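**Student:** My structure is stored as start-v8.csv, with CSV, C-alpha atoms and all ligand atoms.
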chain,number,residue,atom,x,y,z
A,383,MET,CA,-40.5,108.1,-24.5
A,384,ASN,CA,-39.6,109.0,-21.0
A,385,GLY,CA,-39.0,105.3,-20.4
A,386,ILE,CA,-36.1,105.3,-22.8
A,387,GLU,CA,-34.7,108.6,-21.6
A,388,THR,CA,-34.2,107.2,-18.1
A,389,LEU,CA,-32.1,104.3,-19.6
A,390,VAL,CA,-29.5,106.8,-21.1
A,391,ARG,CA,-26.3,107.5,-19.2
A,392,ASP,CA,-26.3,110.9,-17.6
A,393,ASN,CA,-23.2,112.1,-19.4
A,394,ILE,CA,-24.8,111.2,-22.8
A,395,ARG,CA,-28.1,112.8,-22.0
A,396,SER,CA,-26.4,116.0,-21.2
A,397,LEU,CA,-23.8,115.8,-24.0
A,398,CYS,CA,-23.2,118.8,-26.2
A,399,PRO,CA,-22.1,117.1,-29.4
A,400,TYR,CA,-19.4,118.2,-31.8
A,401,SER,CA,-21.0,120.3,-34.6
A,402,THR,CA,-19.2,119.9,-37.9
A,403,ALA,CA,-18.7,122.8,-40.3
A,404,ARG,CA,-21.0,121.0,-42.7
A,405,ASP,CA,-23.9,120.6,-40.3
A,406,GLU,CA,-24.8,124.2,-40.7
A,407,TYR,CA,-24.8,124.6,-44.5
A,408,GLU,CA,-26.6,122.0,-46.6
A,409,GLY,CA,-26.1,123.2,-50.2
A,410,SER,CA,-23.5,121.7,-52.4
A,411,ILE,CA,-22.5,124.7,-54.4
A,412,GLY,CA,-20.6,127.7,-52.9
A,413,VAL,CA,-17.2,128.8,-51.9
A,414,PHE,CA,-16.2,126.4,-49.1
A,415,LEU,CA,-13.8,128.1,-46.7
A,416,ASP,CA,-15.2,126.6,-43.5
A,417,ALA,CA,-13.5,123.3,-42.9
A,418,ASN,CA,-9.8,123.8,-43.6
A,419,GLU,CA,-9.9,121.3,-46.5
A,420,SER,CA,-7.6,121.5,-49.4
A,421,PRO,CA,-9.2,123.5,-52.3
A,422,TYR,CA,-7.5,121.3,-54.9
A,423,ALA,CA,-10.1,118.9,-56.4
A,424,ASN,CA,-9.2,115.2,-56.6
A,425,GLY,CA,-12.6,113.7,-55.9
A,426,PHE,CA,-12.0,113.4,-52.2
A,427,ASN,CA,-10.7,116.7,-51.0
A,428,ARG,CA,-14.0,117.6,-49.3
A,429,TYR,CA,-15.4,116.1,-46.1
A,430,PRO,CA,-18.2,113.6,-46.6
A,431,ASP,CA,-21.8,114.4,-45.5
A,432,PRO,CA,-21.7,113.7,-41.8
A,433,ARG,CA,-25.5,112.9,-41.8
A,434,GLN,CA,-25.3,110.8,-45.0
A,435,LYS,CA,-28.6,112.4,-46.2
A,436,ARG,CA,-28.8,110.9,-49.7
A,437,LEU,CA,-27.8,107.4,-48.6
A,438,LYS,CA,-30.2,107.4,-45.7
A,439,GLU,CA,-33.1,108.5,-47.9
A,440,ARG,CA,-32.3,105.6,-50.2
A,441,VAL,CA,-32.2,103.1,-47.3
A,442,SER,CA,-35.4,104.6,-45.9
A,443,GLN,CA,-37.1,104.1,-49.3
A,444,ILE,CA,-35.8,100.5,-49.8
A,445,LYS,CA,-36.8,99.4,-46.2
A,446,ALA,CA,-39.9,101.5,-45.9
A,447,VAL,CA,-38.8,103.0,-42.6
A,448,PRO,CA,-38.9,106.8,-41.9
A,449,VAL,CA,-35.5,108.4,-42.4
A,450,GLU,CA,-35.6,109.7,-38.8
A,451,SER,CA,-35.4,106.0,-37.7
A,452,VAL,CA,-32.3,105.2,-39.7
A,453,PHE,CA,-28.7,105.3,-38.5
A,454,LEU,CA,-25.7,104.4,-40.7
A,455,GLY,CA,-22.5,103.1,-39.2
A,456,ASN,CA,-19.1,101.7,-40.0
A,457,GLY,CA,-20.4,98.2,-40.1
A,458,SER,CA,-22.9,96.8,-37.5
A,459,ASP,CA,-20.0,96.8,-35.1
A,460,GLU,CA,-20.3,100.6,-34.8
A,461,GLY,CA,-24.0,100.2,-33.8
A,462,ILE,CA,-23.2,97.6,-31.3
A,463,ASP,CA,-20.4,99.7,-29.7
A,464,LEU,CA,-22.7,102.8,-29.6
A,465,MET,CA,-25.4,100.9,-27.7
A,466,TYR,CA,-22.9,100.3,-24.8
A,467,ARG,CA,-21.6,103.9,-24.9
A,468,ILE,CA,-25.0,105.4,-24.8
A,469,PHE,CA,-26.8,103.1,-22.3
A,470,CYS,CA,-24.3,101.4,-20.1
A,471,GLU,CA,-22.4,103.0,-17.2
A,472,PRO,CA,-19.1,101.1,-17.0
A,473,GLY,CA,-18.7,99.0,-13.9
A,474,VAL,CA,-22.4,99.5,-13.0
A,475,ASP,CA,-24.7,98.4,-15.8
A,476,ASN,CA,-24.9,95.0,-17.5
A,477,ALA,CA,-26.1,93.5,-20.8
A,478,VAL,CA,-27.9,90.2,-21.2
A,479,MET,CA,-27.3,88.1,-24.3
A,480,ILE,CA,-27.8,84.6,-25.7
A,481,SER,CA,-25.0,82.1,-26.0
A,482,PRO,CA,-23.6,81.0,-28.4
A,483,SER,CA,-24.0,84.1,-30.5
A,484,TYR,CA,-22.0,86.8,-32.4
A,485,GLY,CA,-18.8,87.5,-30.5
A,486,MET,CA,-18.8,91.3,-30.9
A,487,TYR,CA,-21.6,91.7,-28.3
A,488,SER,CA,-19.3,90.5,-25.5
A,489,VAL,CA,-16.1,92.0,-27.0
A,490,ALA,CA,-17.7,95.5,-27.2
A,491,ALA,CA,-19.0,95.0,-23.6
A,492,ALA,CA,-15.5,94.2,-22.3
A,493,ILE,CA,-14.0,97.2,-24.1
A,494,ASN,CA,-16.7,99.4,-22.5
A,495,GLY,CA,-16.3,97.8,-19.0
A,496,VAL,CA,-19.8,96.4,-19.0
A,497,GLU,CA,-20.7,93.1,-17.4
A,498,VAL,CA,-22.1,90.4,-19.7
A,499,ARG,CA,-24.8,87.9,-18.6
A,500,SER,CA,-24.8,85.0,-21.0
A,501,VAL,CA,-27.9,82.8,-21.2
A,502,PRO,CA,-27.4,79.5,-23.0
A,503,LEU,CA,-29.8,78.7,-25.8
A,504,GLY,CA,-32.2,75.9,-25.1
A,505,PRO,CA,-32.3,72.5,-26.8
A,506,ASP,CA,-31.9,72.8,-30.6
A,507,PHE,CA,-30.7,76.4,-30.0
A,508,SER,CA,-34.2,77.5,-29.0
A,509,LEU,CA,-34.8,81.0,-27.5
A,510,PRO,CA,-34.8,80.8,-23.7
A,511,VAL,CA,-37.3,83.6,-23.2
A,512,ASP,CA,-37.9,83.0,-19.4
A,513,SER,CA,-34.2,82.6,-18.5
A,514,LEU,CA,-33.3,85.7,-20.5
A,515,LEU,CA,-35.9,87.7,-18.4
A,516,ALA,CA,-34.8,86.0,-15.2
A,517,ALA,CA,-31.1,87.1,-15.9
A,518,CYS,CA,-32.1,90.8,-15.9
A,519,ASP,CA,-32.0,93.2,-12.9
A,520,ARG,CA,-32.4,96.9,-12.6
A,521,ASN,CA,-29.0,97.5,-14.1
A,522,THR,CA,-29.7,95.5,-17.2
A,523,LYS,CA,-29.8,98.1,-19.9
A,524,LEU,CA,-29.4,96.0,-23.0
A,525,MET,CA,-30.5,92.6,-24.3
A,526,PHE,CA,-28.7,91.4,-27.4
A,527,LEU,CA,-30.6,88.9,-29.6
A,528,CYS,CA,-29.5,87.7,-33.0
A,529,SER,CA,-32.0,86.2,-35.5
A,530,PRO,CA,-31.1,84.3,-37.6
A,531,ASN,CA,-28.5,83.6,-35.0
A,532,ASN,CA,-24.8,83.3,-35.7
A,533,PRO,CA,-23.4,80.6,-35.4
A,534,SER,CA,-26.4,78.3,-34.9
A,535,GLY,CA,-28.1,79.5,-38.1
A,536,ASN,CA,-31.7,79.3,-36.8
A,537,ALA,CA,-34.2,82.2,-36.7
A,538,PHE,CA,-36.5,82.7,-33.7
A,539,THR,CA,-40.2,83.2,-34.2
A,540,GLN,CA,-41.4,86.8,-34.3
A,541,SER,CA,-43.8,86.2,-31.4
A,542,GLU,CA,-41.0,85.0,-29.1
A,543,LEU,CA,-38.9,88.0,-30.0
A,544,LEU,CA,-41.8,90.4,-29.6
A,545,ALA,CA,-42.6,88.8,-26.2
A,546,LEU,CA,-39.1,89.7,-25.0
A,547,VAL,CA,-39.2,93.3,-26.5
A,548,ARG,CA,-42.5,93.8,-24.7
A,549,SER,CA,-41.5,92.3,-21.3
A,550,PHE,CA,-38.0,93.8,-21.0
A,551,GLY,CA,-37.7,97.3,-19.6
A,552,GLY,CA,-34.4,98.1,-21.3
A,553,ILE,CA,-33.3,98.2,-24.9
A,554,VAL,CA,-33.5,95.0,-27.1
A,555,VAL,CA,-30.9,95.0,-29.8
A,556,LEU,CA,-32.0,92.6,-32.4
A,557,ASP,CA,-29.3,91.7,-34.9
A,558,GLU,CA,-30.8,90.8,-38.3
A,559,ALA,CA,-27.6,90.5,-40.3
A,560,TYR,CA,-28.9,87.3,-42.0
A,561,VAL,CA,-32.6,88.2,-42.3
A,562,ASP,CA,-32.5,88.2,-46.1
A,563,PHE,CA,-31.9,84.5,-46.1
A,564,SER,CA,-34.8,83.7,-43.7
A,565,ASP,CA,-38.5,83.2,-44.4
A,566,LYS,CA,-39.3,84.2,-40.8
A,567,GLY,CA,-39.0,87.9,-41.8
A,568,SER,CA,-37.9,91.0,-40.1
A,569,LEU,CA,-39.3,92.8,-37.0
A,570,LEU,CA,-38.9,96.1,-38.8
A,571,ARG,CA,-42.7,96.5,-39.2
A,572,HIS,CA,-43.0,96.5,-35.4
A,573,LEU,CA,-40.5,99.2,-34.9
A,574,ARG,CA,-43.0,102.0,-34.5
A,575,ALA,CA,-44.9,100.1,-31.8
A,576,CYS,CA,-41.7,99.3,-29.9
A,577,PRO,CA,-39.7,102.3,-28.8
A,578,ASN,CA,-37.2,100.1,-26.9
A,579,LEU,CA,-36.3,98.0,-30.0
A,580,VAL,CA,-33.1,98.6,-32.0
A,581,ILE,CA,-32.8,96.5,-35.2
A,582,LEU,CA,-29.3,96.0,-36.7
A,583,GLN,CA,-29.0,95.1,-40.4
A,584,THR,CA,-25.9,95.2,-42.6
A,585,LEU,CA,-24.8,95.4,-46.2
A,586,SER,CA,-22.0,92.9,-45.5
A,587,LYS,CA,-24.0,89.7,-46.1
A,588,ALA,CA,-26.9,89.3,-48.7
A,589,TRP,CA,-26.1,92.8,-50.1
A,590,GLY,CA,-22.5,91.7,-50.9
A,591,MET,CA,-20.7,94.9,-49.6
A,592,ALA,CA,-18.6,93.6,-46.7
A,593,GLY,CA,-15.6,95.5,-48.0
A,594,LEU,CA,-17.4,98.9,-47.9
A,595,ARG,CA,-18.4,98.7,-44.2
A,596,LEU,CA,-21.9,99.8,-43.9
A,597,GLY,CA,-24.2,98.8,-41.0
A,598,ILE,CA,-27.7,100.1,-40.5
A,599,ALA,CA,-29.6,100.6,-37.2
A,600,PHE,CA,-33.3,101.1,-37.2
A,601,ALA,CA,-34.8,102.6,-34.0
A,602,HIS,CA,-37.0,105.2,-32.5
A,603,PRO,CA,-36.0,108.7,-33.6
A,604,TYR,CA,-34.9,109.6,-30.1
A,605,VAL,CA,-32.5,106.6,-30.0
A,606,ILE,CA,-31.3,107.5,-33.5
A,607,SER,CA,-30.6,111.1,-32.3
A,608,LEU,CA,-28.5,109.8,-29.5
A,609,MET,CA,-26.5,107.6,-31.9
A,610,ASN,CA,-25.9,110.6,-34.1
A,611,MET,CA,-24.7,112.6,-31.2
A,612,VAL,CA,-22.2,110.0,-30.0
A,613,LYS,CA,-20.8,108.7,-33.3
A,614,TYR,CA,-17.6,110.1,-34.9
A,615,PRO,CA,-18.8,113.0,-37.0
A,616,TYR,CA,-17.6,111.6,-40.4
A,617,ASN,CA,-18.1,107.9,-39.7
A,618,ILE,CA,-19.0,106.9,-43.3
A,619,CYS,CA,-16.4,107.9,-45.9
A,620,GLN,CA,-17.2,109.5,-49.2
A,621,LEU,CA,-16.1,106.5,-51.2
A,622,THR,CA,-18.5,104.2,-49.2
A,623,GLN,CA,-21.4,106.6,-49.4
A,624,ASP,CA,-21.1,107.0,-53.2
A,625,THR,CA,-20.4,103.3,-54.0
A,626,VAL,CA,-23.2,102.0,-51.8
A,627,LEU,CA,-25.7,104.4,-53.4
A,628,ARG,CA,-24.7,103.1,-56.8
A,629,LEU,CA,-24.7,99.4,-55.8
A,630,LEU,CA,-28.1,99.7,-54.0
A,631,ASP,CA,-29.6,100.2,-57.5
A,632,SER,CA,-28.9,96.6,-58.6
A,633,SER,CA,-31.0,93.9,-57.1
A,634,VAL,CA,-29.4,91.0,-55.1
A,635,ASP,CA,-32.6,89.0,-54.9
A,636,GLU,CA,-31.3,86.6,-57.6
A,637,ASN,CA,-28.1,86.0,-55.7
A,638,THR,CA,-29.9,85.5,-52.4
A,639,ARG,CA,-32.2,82.9,-54.0
A,640,GLU,CA,-29.2,81.1,-55.4
A,641,ILE,CA,-27.5,81.0,-52.0
A,642,ILE,CA,-30.6,79.6,-50.4
A,643,GLU,CA,-30.8,76.9,-53.1
A,644,GLN,CA,-27.1,76.1,-52.6
A,645,ARG,CA,-27.6,75.9,-48.9
A,646,GLU,CA,-30.3,73.3,-49.3
A,647,GLU,CA,-28.1,71.4,-51.8
A,648,LEU,CA,-25.1,71.5,-49.5
A,649,GLU,CA,-27.2,70.4,-46.5
A,650,PHE,CA,-28.5,67.4,-48.5
A,651,ARG,CA,-24.9,66.4,-49.6
A,652,LEU,CA,-23.4,66.9,-46.1
A,653,LYS,CA,-25.9,64.5,-44.5
A,654,ASP,CA,-24.4,61.7,-46.6
A,655,PHE,CA,-21.1,61.8,-44.8
A,656,SER,CA,-20.6,59.5,-41.8
A,657,SER,CA,-18.2,62.0,-40.3
A,658,VAL,CA,-21.0,64.6,-40.3
A,659,LYS,CA,-23.1,63.8,-37.2
A,660,MET,CA,-25.6,66.7,-37.5
A,661,VAL,CA,-26.4,69.5,-39.9
A,662,PHE,CA,-28.4,72.1,-38.0
A,663,PRO,CA,-31.3,73.7,-39.8
A,664,SER,CA,-30.3,77.1,-41.2
A,665,ASP,CA,-32.1,80.3,-42.0
A,666,ALA,CA,-28.9,82.0,-42.9
A,667,ASN,CA,-26.1,81.8,-45.6
A,668,PHE,CA,-24.1,79.3,-43.6
A,669,LEU,CA,-24.5,75.8,-42.1
A,670,LEU,CA,-23.5,74.7,-38.6
A,671,VAL,CA,-22.4,71.1,-38.7
A,672,ARG,CA,-21.4,68.7,-35.9
A,673,VAL,CA,-18.7,66.4,-37.1
A,674,ASP,CA,-16.7,63.5,-35.7
A,675,ASP,CA,-13.6,65.6,-34.9
A,676,ALA,CA,-13.9,69.4,-35.7
A,677,ASP,CA,-10.2,70.2,-35.2
A,678,ARG,CA,-9.1,67.3,-37.4
A,679,MET,CA,-11.6,68.2,-40.2
A,680,TYR,CA,-10.8,71.9,-39.9
A,681,SER,CA,-7.1,71.2,-40.4
A,682,HIS,CA,-7.7,68.9,-43.3
A,683,LEU,CA,-9.8,71.5,-45.1
A,684,LEU,CA,-7.2,74.1,-44.4
A,685,ARG,CA,-4.5,72.0,-45.9
A,686,ASP,CA,-6.7,71.7,-48.9
A,687,GLY,CA,-7.0,75.5,-49.2
A,688,ILE,CA,-10.6,75.6,-47.8
A,689,ILE,CA,-11.1,77.9,-44.9
A,690,VAL,CA,-14.1,77.4,-42.7
A,691,ARG,CA,-14.9,78.6,-39.1
A,692,ASN,CA,-14.1,76.2,-36.3
A,693,ARG,CA,-16.7,76.8,-33.6
A,694,ASN,CA,-15.6,73.8,-31.5
A,695,LYS,CA,-14.7,75.9,-28.4
A,696,LEU,CA,-18.1,77.7,-28.2
A,697,PRO,CA,-20.6,76.5,-25.6
A,698,GLY,CA,-23.1,74.2,-27.2
A,699,CYS,CA,-21.0,73.9,-30.4
A,700,GLU,CA,-18.7,71.0,-29.4
A,701,ASN,CA,-17.2,69.6,-32.6
A,702,CYS,CA,-19.0,72.1,-34.8
A,703,LEU,CA,-17.8,73.8,-37.9
A,704,ARG,CA,-19.5,76.7,-39.5
A,705,LEU,CA,-19.6,76.5,-43.3
A,706,THR,CA,-20.4,79.6,-45.4
A,707,VAL,CA,-22.4,78.7,-48.5
A,708,GLY,CA,-20.4,79.7,-51.5
A,709,LEU,CA,-20.8,79.4,-55.3
A,710,ALA,CA,-21.8,76.0,-56.6
A,711,GLY,CA,-18.2,75.3,-57.6
A,712,GLU,CA,-16.8,76.2,-54.2
A,713,ASN,CA,-19.4,74.1,-52.4
A,714,ALA,CA,-18.4,71.2,-54.7
A,715,ARG,CA,-14.8,71.6,-53.8
A,716,LEU,CA,-15.8,71.4,-50.1
A,717,ILE,CA,-17.7,68.2,-50.7
A,718,GLU,CA,-14.7,66.7,-52.7
A,719,SER,CA,-12.4,67.6,-49.8
A,720,LEU,CA,-14.7,65.9,-47.3
A,721,GLU,CA,-14.8,62.8,-49.4
A,722,GLU,CA,-11.0,62.7,-49.2
A,723,TYR,CA,-11.3,63.3,-45.4
A,724,GLU,CA,-13.5,60.3,-45.1
A,725,SER,CA,-11.2,58.1,-47.1
A,726,LEU,CA,-8.3,59.2,-45.0
A,727,TYR,CA,-9.8,59.0,-41.5
A,728,VAL,CA,-13.2,57.4,-41.4
A,729,ARG,CA,-13.0,54.2,-43.3
A,730,CYS,CA,-9.8,53.0,-41.7
A,731,GLU,CA,-11.1,53.6,-38.2
B,801,LIG,C1,-21.5,89.3,-40.1
B,801,LIG,C2,-22.3,89.8,-39.0
B,801,LIG,C3,-22.5,91.1,-38.8
B,801,LIG,C4,-22.0,92.1,-39.8
B,801,LIG,O1,-21.1,93.0,-39.2
B,801,LIG,P1,-20.6,94.2,-40.1
B,801,LIG,O2,-19.8,95.0,-39.1
B,801,LIG,O3,-21.8,95.0,-40.5
B,801,LIG,O4,-19.9,93.7,-41.2
B,801,LIG,C5,-23.3,91.5,-37.8
B,801,LIG,N1,-23.9,90.6,-36.9
B,801,LIG,C6,-23.7,89.3,-37.1
B,801,LIG,C7,-24.4,88.4,-36.2
B,801,LIG,C8,-22.9,88.9,-38.1
B,801,LIG,O5,-22.7,87.5,-38.2
Written as structure tokens, how would this file's structure read?
Ligand SMILES: *Cc1c(COP(=O)(O)O)cnc(C)c1O
**Tutor:**
Amino acid sequence: MNGIETLVRDNIRSLCPYSTARDEYEGSIGVFLDANESPYANGFNRYPDPRQKRLKERVSQIKAVPVESVFLGNGSDEGIDLMYRIFCEPGVDNAVMISPSYGMYSVAAAINGVEVRSVPLGPDFSLPVDSLLAACDRNTKLMFLCSPNNPSGNAFTQSELLALVRSFGGIVVLDEAYVDFSDKGSLLRHLRACPNLVILQTLSKAWGMAGLRLGIAFAHPYVISLMNMVKYPYNICQLTQDTVLRLLDSSVDENTREIIEQREELEFRLKDFSSVKMVFPSDANFLLVRVDDADRMYSHLLRDGIIVRNRNKLPGCENCLRLTVGLAGENARLIESLEEYESLYVRCE
């Protein structure tokens, strides 16, 4: 435990957090004259539960993780930002991360005045375990890993990830936003044995709730207590807490299976195009493809009303587009549009 405490910024370790009116009284019936709310009921006149007790208990039950190890945030982005604010002294500390990966790790670092050390993924987007460790020094507080990785789509093996968690003296933030689409599984069951591991998951992808903004962080109870101290008191609104609780009752397993099936079908179809040079193996709900001319194909698809992500400018992703797997009909439209692209550009070259 002491190991982690020494990683925390001094001002955070000694922080006296804001105590909300509702932290002290847990009941739901009574005469509430404590929070200067409006007394006129409209469904939303009361502040939401700042600790999200019911929602956390449900998440804890679904994921089989003790409730003390669960943090809920306004998307995963809140969890990412909190990591910097808790552990990194601006202008002094640094964070090591893989490249290419999710852009928010470096944006949040820049906002917080924290140096980023990017380590390129190896051949076929493999995890550069030794180079990641070599990039660390005594001011490296965080290491961001993403598995399955966005935008490459591949998941790293649990043993490689665990090797990094065990060898690195700082906090490993493992982003598992796409874990539900992968058969490599989650590192959640190793959480208890790894006090320096923070696992981020989200309801935005497989769970289908991107519009509600709910990200989950799983970590040692001490790290969770720091996150609770630093977060905005009422970070999850009432509407989100209630709606998520309701939606968590319906299974998304069927949808997830369908997406994986569609991913395989799409991969198979894409490989037939001569303008598609490479379809990278994916453990996520998207495919990274290398094409003849990413900017040209992107513009063609856009003119056709099909919006994909152009990753051409990212290191290691030259001429790559990232295609989210949609419904069968949507994927079919993509294929149709690519056929037109080939008839326009490829055959006459
Ligand atoms: C989509 C995505 C998220 C989700 O972020 P939210 O803020 O929870 O919507 C997190 N990490 C990665 C790598 C993603 O691609």
**Student:** Within 10 Å of ligand LIG 801 (chain B) (counting only C-alpha atoms and all ligand atoms), which residues show up? I'd like them as a tab-separated table (two decimals) with C-alpha atoms, keeping the file's coordinate frame.
**Tutor:**
chain	number	residue	atom	x	y	z
A	455	GLY	CA	-22.50	103.10	-39.20
A	456	ASN	CA	-19.10	101.70	-40.00
A	457	GLY	CA	-20.40	98.20	-40.10
A	458	SER	CA	-22.90	96.80	-37.50
A	459	ASP	CA	-20.00	96.80	-35.10
A	460	GLU	CA	-20.30	100.60	-34.80
A	461	GLY	CA	-24.00	100.20	-33.80
A	462	ILE	CA	-23.20	97.60	-31.30
A	483	SER	CA	-24.00	84.10	-30.50
A	484	TYR	CA	-22.00	86.80	-32.40
A	485	GLY	CA	-18.80	87.50	-30.50
A	486	MET	CA	-18.80	91.30	-30.90
A	487	TYR	CA	-21.60	91.70	-28.30
A	527	LEU	CA	-30.60	88.90	-29.60
A	528	CYS	CA	-29.50	87.70	-33.00
A	529	SER	CA	-32.00	86.20	-35.50
A	530	PRO	CA	-31.10	84.30	-37.60
A	531	ASN	CA	-28.50	83.60	-35.00
A	532	ASN	CA	-24.80	83.30	-35.70
A	533	PRO	CA	-23.40	80.60	-35.40
A	535	GLY	CA	-28.10	79.50	-38.10
A	556	LEU	CA	-32.00	92.60	-32.40
A	557	ASP	CA	-29.30	91.70	-34.90
A	558	GLU	CA	-30.80	90.80	-38.30
A	559	ALA	CA	-27.60	90.50	-40.30
A	560	TYR	CA	-28.90	87.30	-42.00
A	582	LEU	CA	-29.30	96.00	-36.70
A	583	GLN	CA	-29.00	95.10	-40.40
A	584	THR	CA	-25.90	95.20	-42.60
A	585	LEU	CA	-24.80	95.40	-46.20
A	586	SER	CA	-22.00	92.90	-45.50
A	587	LYS	CA	-24.00	89.70	-46.10
A	591	MET	CA	-20.70	94.90	-49.60
A	592	ALA	CA	-18.60	93.60	-46.70
A	593	GLY	CA	-15.60	95.50	-48.00
A	594	LEU	CA	-17.40	98.90	-47.90
A	595	ARG	CA	-18.40	98.70	-44.20
A	596	LEU	CA	-21.90	99.80	-43.90
A	597	GLY	CA	-24.20	98.80	-41.00
A	598	ILE	CA	-27.70	100.10	-40.50
A	666	ALA	CA	-28.90	82.00	-42.90
A	667	ASN	CA	-26.10	81.80	-45.60
A	668	PHE	CA	-24.10	79.30	-43.60
**Student:** Pick out the closest residue to A:Ala714 from this set: A:Gln644, A:Asn694, A:Asn494, A:Ser410. Count only C-alpha atoms.
**Tutor:**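 Between A:Gln644, A:Asn694, A:Asn494, A:Ser410, the residue approaching A:Ala714 most closely is A:Gln644.
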**Student:** One decimal, in Å: what's the spacing between atom CA of A:Ile480 and atom CA of A:Ala492?
**Tutor:**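 Pair atom CA of A:Ile480 / atom CA of A:Ala492 returns 16.0 Å.
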**Student:** For each of A:Arg436, A:Met609, A:Leu544, A:Asp565, take the minimum atom-to-atom distance to A:Val390, counting all atoms listed in the file, then give the residue where this is smallest.
**Tutor:** A:Met609
**Student:** Between atom CA of A:Ser396 and atom CA of A:Ile581, what distance in Å does the model show, to one decimal?
**Tutor:** 24.8 Å
**Student:** May I have the protein, DNA and RNA residues with an atom at most 12 Å from (-43.0, 95.7, -39.1), counting all atoms listed in the file in the file's coordinates, returned as a ChimeraX atom specification?
**Tutor:** /A:445-447,540,544,567-576,579,581,600-601
**Student:** Neighbouring residues of stretch 670-681 of chain A were defined as those with any atom within 10 Å, considering all atoms listed in the file; residues of the same chain fewer than 2 positions away were excluded. Please report them as a PyMOL selection string.
**Tutor:** chain A and resi 532-536+649+652-653+655-664+668+683-695+699-706+719-720+723-724+727-728
**Student:** Could you check which of A:Val478, A:Phe650, A:Arg428, A:Val626 is closest to A:Val413, using only C-alpha atoms?
**Tutor:**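 Closest residue, counting only C-alpha atoms: A:Arg428.
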**Student:** Write out as JSON, numbers by chain the residues lying within 8 Å of A:Pro603, counting all atoms listed in the file and excluding same-chain residues fewer than 5 positions away.
**Tutor:** {"A": [450, 451, 452]}
**Student:** If I take atom CA of A:Asp392 and atom CA of A:Gln434, how far is one from the other in Å, to one decimal?
**Tutor:**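 Atom CA of A:Asp392 sits 27.4 Å away from atom CA of A:Gln434.
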**Student:** Compile the contact shell of A:Ala417 as a list in words: residues with an atom at most 10 Å away, counting all atoms listed in the file, same-chain residues fewer than 5 positions apart removed.
**Tutor:** Thr402, Ala403, Arg404, Arg428 and Tyr429 of chain A
**Student:** With only C-alpha atoms as the atoms that count, which of A:Glu419, A:Asp506, A:Asp463, A:Ile468 lies nearest to A:Ile493?
**Tutor:** A:Asp463
**Student:** Is there a way to complete stretch 684-696 of chain A with N, CA and C atoms and then write that out as a short mmCIF file (atom, residue, chain, number, x, y, z; two decimals), in the frame of the given file?
**Tutor:**
data_model
loop_
_atom_site.label_atom_id
_atom_site.label_comp_id
_atom_site.auth_asym_id
_atom_site.auth_seq_id
_atom_site.Cartn_x
_atom_site.Cartn_y
_atom_site.Cartn_z
N LEU A 684 -8.20 73.05 -44.27
CA LEU A 684 -7.20 74.10 -44.40
C LEU A 684 -6.06 73.73 -45.27
N ARG A 685 -5.56 72.50 -45.06
CA ARG A 685 -4.50 72.00 -45.90
C ARG A 685 -4.88 71.96 -47.36
N ASP A 686 -6.16 71.80 -47.57
CA ASP A 686 -6.70 71.70 -48.90
C ASP A 686 -7.08 73.10 -49.46
N GLY A 687 -6.76 74.14 -48.70
CA GLY A 687 -7.00 75.50 -49.20
C GLY A 687 -8.49 75.94 -48.94
N ILE A 688 -9.21 75.22 -48.09
CA ILE A 688 -10.60 75.60 -47.80
C ILE A 688 -10.73 76.07 -46.39
N ILE A 689 -11.10 77.32 -46.25
CA ILE A 689 -11.10 77.90 -44.90
C ILE A 689 -12.55 77.99 -44.43
N VAL A 690 -12.79 77.33 -43.30
CA VAL A 690 -14.10 77.40 -42.70
C VAL A 690 -13.90 77.90 -41.25
N ARG A 691 -14.99 78.04 -40.49
CA ARG A 691 -14.90 78.60 -39.10
C ARG A 691 -15.03 77.44 -38.15
N ASN A 692 -14.02 77.26 -37.34
CA ASN A 692 -14.10 76.20 -36.30
C ASN A 692 -14.75 76.79 -35.06
N ARG A 693 -15.92 76.29 -34.72
CA ARG A 693 -16.70 76.80 -33.60
C ARG A 693 -16.63 75.83 -32.39
N ASN A 694 -15.71 74.88 -32.47
CA ASN A 694 -15.60 73.80 -31.50
C ASN A 694 -15.54 74.31 -30.04
N LYS A 695 -14.95 75.47 -29.82
CA LYS A 695 -14.70 75.90 -28.40
C LYS A 695 -15.92 76.73 -27.89
N LEU A 696 -16.91 77.00 -28.71
CA LEU A 696 -18.10 77.70 -28.20
C LEU A 696 -19.01 76.82 -27.43
#
